[in-house]
Structures are given as structure tokens and as C-alpha cells.
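Dropping model.cif in here (mmCIF, C-alpha atoms, pLDDT in the B column; chains and numbers go by the auth columns):
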```cif
data_my_file
#
loop_
_atom_site.group_PDB
_atom_site.id
_atom_site.type_symbol
_atom_site.label_atom_id
_atom_site.label_comp_id
_atom_site.label_asym_id
_atom_site.label_seq_id
_atom_site.Cartn_x
_atom_site.Cartn_y
_atom_site.Cartn_z
_atom_site.B_iso_or_equiv
_atom_site.auth_seq_id
_atom_site.auth_asym_id
ATOM 1 C CA MET A 1 73.532 68.032 57.384 38.00 1 A
ATOM 2 C CA GLY A 2 70.416 66.185 56.231 43.00 2 A
ATOM 3 C CA THR A 3 69.387 65.096 52.785 45.00 3 A
ATOM 4 C CA VAL A 4 67.979 67.463 50.209 45.00 4 A
ATOM 5 C CA VAL A 5 64.458 66.221 50.882 44.00 5 A
ATOM 6 C CA GLU A 6 64.808 66.485 54.678 44.00 6 A
ATOM 7 C CA ALA A 7 66.096 70.037 54.403 41.00 7 A
ATOM 8 C CA ALA A 8 63.226 70.982 52.150 41.00 8 A
ATOM 9 C CA ASN A 9 60.644 69.571 54.507 43.00 9 A
ATOM 10 C CA LYS A 10 61.736 72.009 57.224 41.00 10 A
ATOM 11 C CA GLY A 11 60.140 74.886 55.326 41.00 11 A
ATOM 12 C CA ALA A 12 57.433 75.551 52.811 43.00 12 A
ATOM 13 C CA SER A 13 58.359 73.994 49.484 45.00 13 A
ATOM 14 C CA GLY A 14 58.845 76.470 46.691 48.00 14 A
ATOM 15 C CA SER A 15 57.979 79.494 48.851 60.00 15 A
ATOM 16 C CA ILE A 16 61.086 81.517 47.981 69.00 16 A
ATOM 17 C CA LEU A 17 60.753 80.865 44.273 73.00 17 A
ATOM 18 C CA GLN A 18 57.015 81.390 44.249 74.00 18 A
ATOM 19 C CA LYS A 19 57.460 84.871 45.706 75.00 19 A
ATOM 20 C CA ARG A 20 59.858 85.705 42.861 77.00 20 A
ATOM 21 C CA ASN A 21 57.350 84.348 40.308 83.00 21 A
ATOM 22 C CA PRO A 22 60.107 83.056 38.009 89.00 22 A
ATOM 23 C CA THR A 23 59.846 82.243 34.320 91.00 23 A
ATOM 24 C CA ILE A 24 60.531 78.515 33.991 94.00 24 A
ATOM 25 C CA VAL A 25 60.975 76.931 30.581 93.00 25 A
ATOM 26 C CA PHE A 26 61.234 73.165 30.190 94.00 26 A
ATOM 27 C CA VAL A 27 63.451 72.264 27.230 91.00 27 A
ATOM 28 C CA LEU A 28 62.601 68.846 25.815 88.00 28 A
ATOM 29 C CA GLY A 29 63.640 66.874 22.771 80.00 29 A
ATOM 30 C CA GLY A 30 65.187 63.581 21.794 71.00 30 A
ATOM 31 C CA PRO A 31 68.907 62.862 22.222 73.00 31 A
ATOM 32 C CA GLY A 32 70.814 64.846 19.624 67.00 32 A
ATOM 33 C CA SER A 33 67.951 67.267 18.955 64.00 33 A
ATOM 34 C CA GLY A 34 70.113 70.272 19.846 68.00 34 A
ATOM 35 C CA LYS A 35 68.816 71.114 23.324 76.00 35 A
ATOM 36 C CA GLY A 36 72.203 71.794 24.878 74.00 36 A
ATOM 37 C CA THR A 37 73.498 73.850 21.961 76.00 37 A
ATOM 38 C CA GLN A 38 70.425 76.047 21.760 79.00 38 A
ATOM 39 C CA CYS A 39 70.189 76.458 25.539 82.00 39 A
ATOM 40 C CA ALA A 40 73.700 77.944 25.438 82.00 40 A
ATOM 41 C CA ASN A 41 72.542 80.374 22.746 81.00 41 A
ATOM 42 C CA ILE A 42 69.446 81.369 24.737 84.00 42 A
ATOM 43 C CA VAL A 43 71.597 82.025 27.794 86.00 43 A
ATOM 44 C CA GLU A 44 73.935 84.228 25.747 83.00 44 A
ATOM 45 C CA HIS A 45 71.250 86.240 23.957 82.00 45 A
ATOM 46 C CA TYR A 46 68.324 86.290 26.384 84.00 46 A
ATOM 47 C CA GLY A 47 69.910 86.143 29.832 84.00 47 A
ATOM 48 C CA TYR A 48 68.373 82.891 31.025 91.00 48 A
ATOM 49 C CA THR A 49 70.019 80.599 33.566 94.00 49 A
ATOM 50 C CA HIS A 50 70.544 77.096 32.172 93.00 50 A
ATOM 51 C CA LEU A 51 70.010 74.179 34.553 94.00 51 A
ATOM 52 C CA SER A 52 70.560 70.521 33.709 89.00 52 A
ATOM 53 C CA ALA A 53 69.247 67.947 36.153 85.00 53 A
ATOM 54 C CA GLY A 54 71.990 65.521 35.146 83.00 54 A
ATOM 55 C CA ASP A 55 74.720 68.123 35.660 89.00 55 A
ATOM 56 C CA LEU A 56 73.335 68.996 39.101 92.00 56 A
ATOM 57 C CA LEU A 57 73.295 65.344 40.162 90.00 57 A
ATOM 58 C CA ARG A 58 76.885 64.870 38.976 89.00 58 A
ATOM 59 C CA ALA A 59 78.002 68.063 40.715 92.00 59 A
ATOM 60 C CA GLU A 60 76.369 66.947 43.966 93.00 60 A
ATOM 61 C CA ILE A 61 78.176 63.595 43.787 92.00 61 A
ATOM 62 C CA LYS A 62 81.496 65.316 43.053 92.00 62 A
ATOM 63 C CA SER A 63 81.021 67.662 46.022 92.00 63 A
ATOM 64 C CA GLY A 64 81.367 64.760 48.440 88.00 64 A
ATOM 65 C CA SER A 65 78.353 65.943 50.445 88.00 65 A
ATOM 66 C CA GLU A 66 76.029 63.613 52.315 87.00 66 A
ATOM 67 C CA ASN A 67 73.486 64.123 49.578 85.00 67 A
ATOM 68 C CA GLY A 68 76.072 63.332 46.914 89.00 68 A
ATOM 69 C CA THR A 69 77.091 60.124 48.634 91.00 69 A
ATOM 70 C CA MET A 70 73.458 59.062 48.887 90.00 70 A
ATOM 71 C CA ILE A 71 72.901 59.754 45.182 90.00 71 A
ATOM 72 C CA GLN A 72 76.094 57.941 44.187 89.00 72 A
ATOM 73 C CA ASN A 73 75.178 54.890 46.244 89.00 73 A
ATOM 74 C CA MET A 74 71.732 54.731 44.687 85.00 74 A
ATOM 75 C CA ILE A 75 73.200 54.887 41.191 80.00 75 A
ATOM 76 C CA LYS A 76 75.771 52.195 42.014 81.00 76 A
ATOM 77 C CA GLU A 77 73.000 49.957 43.317 81.00 77 A
ATOM 78 C CA GLY A 78 71.055 50.430 40.099 71.00 78 A
ATOM 79 C CA LYS A 79 68.311 52.399 41.809 76.00 79 A
ATOM 80 C CA ILE A 80 66.522 55.373 40.303 75.00 80 A
ATOM 81 C CA VAL A 81 67.194 58.640 42.093 83.00 81 A
ATOM 82 C CA PRO A 82 63.799 59.816 43.422 88.00 82 A
ATOM 83 C CA SER A 83 62.236 62.709 41.537 90.00 83 A
ATOM 84 C CA GLU A 84 62.031 64.723 44.750 90.00 84 A
ATOM 85 C CA VAL A 85 65.822 64.608 45.161 91.00 85 A
ATOM 86 C CA THR A 86 66.459 65.876 41.634 91.00 86 A
ATOM 87 C CA ILE A 87 63.767 68.536 41.969 93.00 87 A
ATOM 88 C CA LYS A 88 65.198 69.813 45.234 91.00 88 A
ATOM 89 C CA LEU A 89 68.585 70.187 43.573 93.00 89 A
ATOM 90 C CA LEU A 90 66.938 72.177 40.782 94.00 90 A
ATOM 91 C CA GLN A 91 64.996 74.246 43.303 92.00 91 A
ATOM 92 C CA ARG A 92 68.099 74.971 45.359 91.00 92 A
ATOM 93 C CA ALA A 93 70.052 75.998 42.244 94.00 93 A
ATOM 94 C CA MET A 94 67.265 78.378 41.213 93.00 94 A
ATOM 95 C CA GLU A 95 67.055 79.923 44.675 91.00 95 A
ATOM 96 C CA GLU A 96 70.820 80.339 45.038 91.00 96 A
ATOM 97 C CA SER A 97 71.193 81.874 41.576 90.00 97 A
ATOM 98 C CA GLY A 98 69.177 84.945 42.523 87.00 98 A
ATOM 99 C CA LYS A 99 67.833 84.977 38.954 90.00 99 A
ATOM 100 C CA ASP A 100 64.251 84.763 37.740 90.00 100 A
ATOM 101 C CA LYS A 101 64.466 83.167 34.265 92.00 101 A
ATOM 102 C CA PHE A 102 65.390 79.499 33.937 94.00 102 A
ATOM 103 C CA LEU A 103 65.848 76.910 31.230 93.00 103 A
ATOM 104 C CA ILE A 104 65.491 73.416 32.664 94.00 104 A
ATOM 105 C CA ASP A 105 67.120 71.134 30.137 88.00 105 A
ATOM 106 C CA GLY A 106 65.977 67.524 29.680 80.00 106 A
ATOM 107 C CA PHE A 107 63.561 67.565 32.602 88.00 107 A
ATOM 108 C CA PRO A 108 60.950 66.312 33.332 93.00 108 A
ATOM 109 C CA ARG A 109 61.823 63.010 31.663 85.00 109 A
ATOM 110 C CA ASN A 110 58.490 61.363 32.419 91.00 110 A
ATOM 111 C CA GLU A 111 55.035 61.983 33.853 93.00 111 A
ATOM 112 C CA GLU A 112 56.155 61.085 37.373 93.00 112 A
ATOM 113 C CA ASN A 113 58.883 63.764 37.165 93.00 113 A
ATOM 114 C CA ARG A 114 56.347 66.287 35.905 95.00 114 A
ATOM 115 C CA ALA A 115 53.785 65.639 38.622 95.00 115 A
ATOM 116 C CA ALA A 116 56.472 65.666 41.317 95.00 116 A
ATOM 117 C CA PHE A 117 57.909 68.985 40.103 95.00 117 A
ATOM 118 C CA GLU A 118 54.534 70.682 40.288 93.00 118 A
ATOM 119 C CA LYS A 119 53.785 69.158 43.694 92.00 119 A
ATOM 120 C CA VAL A 120 57.157 69.959 45.274 91.00 120 A
ATOM 121 C CA THR A 121 57.630 73.468 43.864 91.00 121 A
ATOM 122 C CA GLY A 122 53.994 74.486 43.511 90.00 122 A
ATOM 123 C CA MET A 123 54.813 75.834 40.055 92.00 123 A
ATOM 124 C CA GLU A 124 54.341 74.984 36.396 93.00 124 A
ATOM 125 C CA PRO A 125 56.565 75.933 33.465 94.00 125 A
ATOM 126 C CA SER A 126 55.725 79.160 31.679 92.00 126 A
ATOM 127 C CA PHE A 127 56.039 77.174 28.469 91.00 127 A
ATOM 128 C CA VAL A 128 57.817 74.148 27.003 91.00 128 A
ATOM 129 C CA LEU A 129 60.308 74.324 24.142 89.00 129 A
ATOM 130 C CA PHE A 130 60.105 71.055 22.224 87.00 130 A
ATOM 131 C CA PHE A 131 62.901 70.444 19.724 82.00 131 A
ATOM 132 C CA ASP A 132 61.119 68.281 17.175 79.00 132 A
ATOM 133 C CA CYS A 133 63.998 66.773 15.223 69.00 133 A
ATOM 134 C CA PRO A 134 63.689 63.757 12.862 67.00 134 A
ATOM 135 C CA GLU A 135 65.107 60.569 14.355 67.00 135 A
ATOM 136 C CA GLU A 136 67.380 60.070 11.335 72.00 136 A
ATOM 137 C CA GLU A 137 68.953 63.495 11.873 69.00 137 A
ATOM 138 C CA MET A 138 69.413 62.945 15.616 68.00 138 A
ATOM 139 C CA GLU A 139 71.041 59.590 14.907 71.00 139 A
ATOM 140 C CA ARG A 140 73.410 61.173 12.381 75.00 140 A
ATOM 141 C CA ARG A 141 74.419 63.913 14.820 72.00 141 A
ATOM 142 C CA LEU A 142 75.042 61.514 17.682 76.00 142 A
ATOM 143 C CA LEU A 143 77.148 59.177 15.575 74.00 143 A
ATOM 144 C CA ASN A 144 79.193 62.033 14.097 73.00 144 A
ATOM 145 C CA ARG A 145 79.830 64.149 17.153 66.00 145 A
ATOM 146 C CA ASN A 146 83.256 63.850 18.687 51.00 146 A
ATOM 147 C CA GLN A 147 82.578 63.854 22.427 56.00 147 A
ATOM 148 C CA GLY A 148 83.971 60.449 23.308 49.00 148 A
ATOM 149 C CA ARG A 149 80.728 59.284 24.865 53.00 149 A
ATOM 150 C CA GLU A 150 80.419 55.545 25.271 53.00 150 A
ATOM 151 C CA ASP A 151 76.663 55.716 24.719 52.00 151 A
ATOM 152 C CA ASP A 152 77.054 57.181 21.226 56.00 152 A
ATOM 153 C CA ASN A 153 76.741 53.831 19.465 69.00 153 A
ATOM 154 C CA ILE A 154 73.868 52.799 17.250 73.00 154 A
ATOM 155 C CA GLU A 155 72.267 50.282 19.627 69.00 155 A
ATOM 156 C CA THR A 156 72.346 52.573 22.639 72.00 156 A
ATOM 157 C CA ILE A 157 71.216 55.565 20.611 73.00 157 A
ATOM 158 C CA ARG A 158 68.140 53.754 19.350 72.00 158 A
ATOM 159 C CA LYS A 159 67.350 52.573 22.868 75.00 159 A
ATOM 160 C CA ARG A 160 67.513 56.187 24.047 73.00 160 A
ATOM 161 C CA PHE A 161 65.104 57.151 21.252 74.00 161 A
ATOM 162 C CA ARG A 162 62.626 54.519 22.462 76.00 162 A
ATOM 163 C CA VAL A 163 62.905 55.710 26.052 75.00 163 A
ATOM 164 C CA PHE A 164 62.253 59.293 24.931 73.00 164 A
ATOM 165 C CA LEU A 165 59.165 58.280 22.954 74.00 165 A
ATOM 166 C CA GLU A 166 57.760 56.163 25.769 76.00 166 A
ATOM 167 C CA SER A 167 58.580 58.473 28.687 80.00 167 A
ATOM 168 C CA SER A 168 58.948 62.071 27.529 83.00 168 A
ATOM 169 C CA VAL A 169 56.384 62.353 24.734 86.00 169 A
ATOM 170 C CA PRO A 170 53.492 61.960 27.234 89.00 170 A
ATOM 171 C CA VAL A 171 54.880 64.989 29.111 93.00 171 A
ATOM 172 C CA ILE A 172 54.904 67.003 25.900 90.00 172 A
ATOM 173 C CA SER A 173 51.342 65.868 25.135 92.00 173 A
ATOM 174 C CA TYR A 174 50.213 66.918 28.622 95.00 174 A
ATOM 175 C CA TYR A 175 51.532 70.460 28.247 94.00 175 A
ATOM 176 C CA ASP A 176 50.431 70.658 24.618 93.00 176 A
ATOM 177 C CA ALA A 177 46.847 70.069 25.780 95.00 177 A
ATOM 178 C CA LYS A 178 47.303 73.096 28.061 94.00 178 A
ATOM 179 C CA GLY A 179 48.579 75.234 25.178 92.00 179 A
ATOM 180 C CA LYS A 180 52.084 75.508 26.617 93.00 180 A
ATOM 181 C CA VAL A 181 54.198 73.728 23.991 90.00 181 A
ATOM 182 C CA ARG A 182 56.223 75.731 21.474 87.00 182 A
ATOM 183 C CA LYS A 183 57.561 73.331 18.854 83.00 183 A
ATOM 184 C CA VAL A 184 60.873 74.095 17.171 77.00 184 A
ATOM 185 C CA ASN A 185 61.588 72.151 13.983 68.00 185 A
ATOM 186 C CA ASP A 186 63.690 74.719 12.165 50.00 186 A
ATOM 187 C CA ILE A 187 66.726 76.086 14.002 49.00 187 A
ATOM 188 C CA LEU A 188 67.112 78.845 11.393 43.00 188 A
ATOM 189 C CA TYR A 189 64.005 80.566 12.703 46.00 189 A
ATOM 190 C CA PHE A 190 64.543 79.519 16.315 52.00 190 A
ATOM 191 C CA TYR A 191 65.697 82.925 17.599 50.00 191 A
ATOM 192 C CA CYS A 192 62.792 84.658 15.894 51.00 192 A
ATOM 193 C CA LEU A 193 60.380 82.255 17.590 54.00 193 A
ATOM 194 C CA PHE A 194 61.942 82.666 21.013 56.00 194 A
ATOM 195 C CA GLY A 195 62.062 86.436 20.684 55.00 195 A
ATOM 196 C CA LYS A 196 58.385 86.516 19.764 55.00 196 A
ATOM 197 C CA LEU A 197 57.523 84.340 22.745 54.00 197 A
ATOM 198 C CA LEU A 198 59.174 86.838 25.057 52.00 198 A
ATOM 199 C CA ALA A 199 57.754 89.895 23.334 46.00 199 A
ATOM 200 C CA SER A 200 54.170 88.641 23.121 49.00 200 A
ATOM 201 C CA ASN A 201 54.048 87.162 26.644 44.00 201 A
ATOM 202 C CA LEU A 202 52.727 83.870 25.283 41.00 202 A
ATOM 203 C CA TYR A 203 53.818 82.250 28.497 38.00 203 A
#
```

Represent the structure contained in this file as C-alpha cells.
Amino acid sequence: MGTVVEAANKGASGSILQKRNPTIVFVLGGPGSGKGTQCANIVEHYGYTHLSAGDLLRAEIKSGSENGTMIQNMIKEGKIVPSEVTIKLLQRAMEESGKDKFLIDGFPRNEENRAAFEKVTGMEPSFVLFFDCPEEEMERRLLNRNQGREDDNIETIRKRFRVFLESSVPVISYYDAKGKVRKVNDILYFYCLFGKLLASNLY
């Protein structure tokens, strides 16, 4: 069995998904902005399939596959997993799900991810949900949550904020210029907003 990229190169990238013309929503926001929580609610109420690039990478490593071993070795060596590898895992998950509505959580993380996704899949997101949460509130949530994560300390949290601002904000700006960003800064009206997006075909 070859790598994810090698397998993809045997056929036309994105062809299966493109024929299904799926609705793809990128869900972006700083750490602690509520992406995961609200994605779970969207799945429950609107029937979307939630995909996390990080979860897919971890699942591939845990599977013990050739791809998983390759990914694990790269991480151990301090190397960045190529965008194409992550995208192919996302693409495979979408194809195997048989569904046509997807929330992609926390991806793309930077402009290179964004460009690679469009190149590999031949698709763009229908729209982008941007959870615009004040840094002070995100910091409070991360410090108070009880998940036992080693990276939930003040120094690491603030580093993650900087990475988000430097890497992910340009992605949001890119799609905002194309009229595809839907900013959420009030969770109380979140469902109303999302329902209107679906009903009015703004994507």
C-alpha cells in the first residue's frame, strides 16, 4: 500500500467529490473560541459531517498503516506534515462518508494549506465560519477548562494566539475579500445565523 499522496496521484484528484458538489464549510477561530463545541451542535441540528484534520492525522497514526507510520516519523523528527498528506486524509474521509455536507474544523491553518486544498481537491469552501472571540475570553476558557491538556498554560496559550494571528488570519482575510466569511461573535444568535445561511443559499 502506498502513501496517501501516491494513491491520490493514480486518479484524478477530487473527481469523486467534485461530482457530488459537496457543501464544504471551513470553521476557523482562535484556540478556545468554541469551534469544537459549536461544530458538535451543527452536526446534531443540521446534519453536517464534522472533520478535524488533527483527529484524522492521529487516527491514521493509531491505525498502524504505512501512512500512519510515515506521519508519526515526521512528527517525531520535528518535521511538518505536508499539506497534501493532510488534505488527502480529509478528501478520503469525505469520500468514504458518502455525505455531501462537511465542516472542516481548524483547517486551513495558513495560506499554504489553503492554496494546497484548492489545488488538490479542485474545490473551494462554500463559506467560512469565523468564530471571532476576544483573546481575553479565549484565554479564560482555556485556563478554566478541565481537559488535562499540557498546552493549556498561559505561556503556551499566548504562543498559540500569536500563531493564529500570524498564520490563520490571512486565510480569513483572503476569503473575506471573496465575500465568503460569516463572522460569529455572539453564540446566542449563532443558530439563527447558521439557519439563515442555509435557507438563503448565501454559500

| query | Written as number ranges by chain, what is the full residue list that the PyMOL selection byres ((chain A and resi 180) around 12) yields on the file shown? | reply | A: 24-27, 124-130, 171-179, 181-183, 197, 201-203

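For the atom pair formed by atom CA of A:Ser83 and atom CA of A:Phe117, the distance is 7.8 Å, given to one decimal.
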
Report, as lines of an AutoDock Vina configuration file, the centre and edge lengths in Å (one decimal) of the axis-aligned box enclosing every listed atom of stretch 88-96 of chain A, padded by 8 Å on each side.
```
center_x = 67.9
center_y = 75.1
center_z = 43.1
size_x = 21.8
size_y = 26.5
size_z = 20.6
```

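Applied to this file, the PyMOL selection byres ((chain A and resi 89) around 8) selects the residues Val4, Ala53, Leu56, Leu57, Val85, Thr86, Ile87, Lys88, Leu90, Gln91, Arg92 and Ala93 of chain A.
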
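Coordinates place atom CA of A:Lys101 at a distance of 8.8 Å from atom CA of A:His50.
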
| Hey, which of A:Tyr48, A:Gln38, A:Pro31, A:Asn67 ends up closest to A:Gly98? Count all atoms listed in the file. | A:Tyr48

| request: Determine the residue set returned by the PyMOL selection byres ((chain A and resi 22) around 9) for the present structure, and present it as a ChimeraX atom specification. | output: /A:17-21,23-24,99-102,126

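From atom CA of A:Phe131 back to atom CA of A:Ala40, the distance works out to 14.3 Å.
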